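> Sharing a structure below in structure tokens format, with a few things to ask.
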Amino acid sequence: MMNRNSLAIFIPLILSSSSINAKEIYNKNGQIINFYGKINPLYFYSYNNHPLRFHSLGNYTNLKIGVITKSYINEFVSGYMHIEYHPKYSSSYNEEIKNSFNKNNISLSYVGLDFGKWGEINYGRNYGILYYPKKFTNSYFDNTETIIFHKDDNFLTSRVDDVVTYKNKDILGYFKGFNIILQHHNYCRNDESHLNKKYNDSWGAGLQYNSEYGFKIVGSTEINPYDENNNLINKKDWIKAYGLGCYYSYKNTTVASFYGHSNNIERNFTKFNKIYKTLDSIEVSGKYNFNNGLQASIGYIKTFGKELVNGNYNQQSKSNSLNNHINFIITYNFNKNFVLNIHYKYNLLNKHTLFDINKNSFDNTNDSVGTGMTYNF
């Protein structure tokens with residue numbers, strides 16, 4: 001059974017699950033409104049083995065503004081809404097990154113009904129099913145990442161439009177700590193993206209366990225068995241992905257990990273002049289809080305794929321590293337609103353591997369540095 005006091009519990013749960021610090025700006029007659037926002041100027045550059053000369057990787061400044069509301073309907077049901085405006089500016093010389101940054105300014109926009117122990121259901125632009133295991137390591141990697149599990153509007157890997165989501169905490173109250181998530185995504189795009197005229201009928205499911213001792217684990221999977229004409233296709237050509245994420249926090253220390261596998265999520269993912277349909281990603285990260293405003297984190301990420309040879313996998317197919325580096329991030333909190341951050345990426349890719357950016361040959365194996373600040377309001 002639901003009452004008005006539960007509204008004060010529900011919204012903090014949304015905020016904590018999305019790492020949002022919001023302020024309550026209205027609470028009256030069963031209506032609660034929370035507001036949050038931040039601006040994050042961020043710039044990346046790399047050293048190119050020339051004295052006193054750096055290569056600019058672009059400006060990744062972004063702004064985020066969001067509103068979360070909860071409305072009491074009766075003792076059994078309440079309604080809620082979440083909208084987030086996230087215009088992201090990028091002057092990156094990588095056109096793929098630049099286009100993805102400037103593509104969709106509405107990050108989240110969904111409405112839903114909460115039925116208490118019977119779960120909640122919502123519809124709109126929301127996080128895809130693979131976001132839930134991936135979210136544990138998101139904060140350890142910067143905005144220059146271009147690997148598949150970081151992308152929006154790409155089936156159910158991250159934020160997507162027109163998705164129906166059902167969530168149930170503690171599985172109807174019978175299994176404490178176990179949460180289930182079910183999703184359906186029915187969307188036909190018709191733009192310049194890789195989903196051009198692609199009929200998207202994806203299904204996703206996830207199971208999460210939250211321990212009382214700071215340990216969390218989430219497993220998610222998605223499939224799409226249809227082609228662009230909505231015809232059922234062979235299983236080997238299905239669009240499918242799965243991910244597993246783990247998280248543990250004790251006092252000032254946090255560790256997290258993620259493993260993800262995708263098949264045909266991008267029909268022709270190209271890097272280093274090779275085509276890949278099967279991609280795997282491993283991420284391991286850790287953070288320590290020094291209790292004086294200073295935080296230090298380290299994250300390791302490796303993505304590898306099996307290349308296609310003449311359009312098929314065969315004995316000549318190779319498994320190549322597409323992304324392999326260590327991220328170091330240091331942040332200093334002057335107060336709860338103002339944060340200074342420094343990113344350093346130590347690249348572990350083969351130093352002789354080149355790929356094409358904006359029709360210019362550029363060495364993607366250089367180390368890089370990012371500097372920025374965040375103001376939360």
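Ordering of the structure tokens sets the chain letters (A, B, ...), residue numbers begin anew at 1 in every chain, and ligands are numbered from 1 in the order given.
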Among the residues of segment 276-309 of chain A, find those DSSP assigns to strand (DSSP E) from the backbone and print them as a list in words.
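Those in segment 276-309 of chain A that DSSP calls strand (DSSP E) are Tyr276, Lys277, Thr278, Leu279, Asp280, Ser281, Ile282, Glu283, Val284, Ser285, Gly286, Lys287, Tyr288, Asn289, Leu294, Gln295, Ala296, Ser297, Ile298, Gly299, Tyr300, Ile301, Lys302, Thr303, Phe304, Gly305, Lys306 and Glu307 of chain A.
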> Using only C-alpha atoms, determine which residues lie at most 9 Å from Phe334 of chain A, disregarding the query and same-chain residues fewer than 4 positions distant; provide the list as a list in words.
Gly293, Leu294, Phe338, Val339 and Leu340 of chain A
> Interatomic distance between atom CA of Gly37 of chain A and atom CA of Ile65 of chain A?
4.2 Å
> Between atom CA of Arg125 of chain A and atom CA of Phe155 of chain A, what distance in Å does the model show, to one decimal?
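These atoms are spaced 11.9 Å apart.
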> Compare A:Asn333, A:Asn292, A:Asn264, A:Asn252 by their minimum atom-to-atom distance to Trp238 of chain A, counting only C-alpha atoms, and give me the closest one.
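Among the listed residues, A:Asn264 lies closest to Trp238 of chain A.
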> Which one of A:Ala256, A:Ile180, A:Ile129, A:Val160 sits closest to Lys240 of chain A if you count only C-alpha atoms?
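With only C-alpha atoms as the atom set, the closest residue is A:Ile129.
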> Near segment 320-322 of chain A, counting only C-alpha atoms, which residues have an atom at most 6 Å away, once you skip same-chain residues fewer than 3 positions from it, shown as number ranges by chain?
A: 303-305
> At a cut-off of 7 Å, using only C-alpha atoms, what residues contact Ile25 of chain A? Leave out same-chain residues fewer than 4 positions from it and give the result as an MDAnalysis selection string.
chainID A and resid 33:35
> Grab the residues selected above and save them as a CSV table (one decimal), in the first residue's frame with N, CA and C atoms.

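The resulting part29.csv:
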```csv
chain,number,residue,atom,x,y,z
A,33,ILE,N,8.6,18.1,-6.3
A,33,ILE,CA,9.4,18.5,-7.5
A,33,ILE,C,10.8,18.7,-7.1
A,34,ASN,N,11.7,18.0,-7.7
A,34,ASN,CA,13.2,18.1,-7.5
A,34,ASN,C,13.9,18.6,-8.7
A,35,PHE,N,14.9,19.5,-8.5
A,35,PHE,CA,15.6,20.1,-9.6
A,35,PHE,C,17.1,19.8,-9.4
```
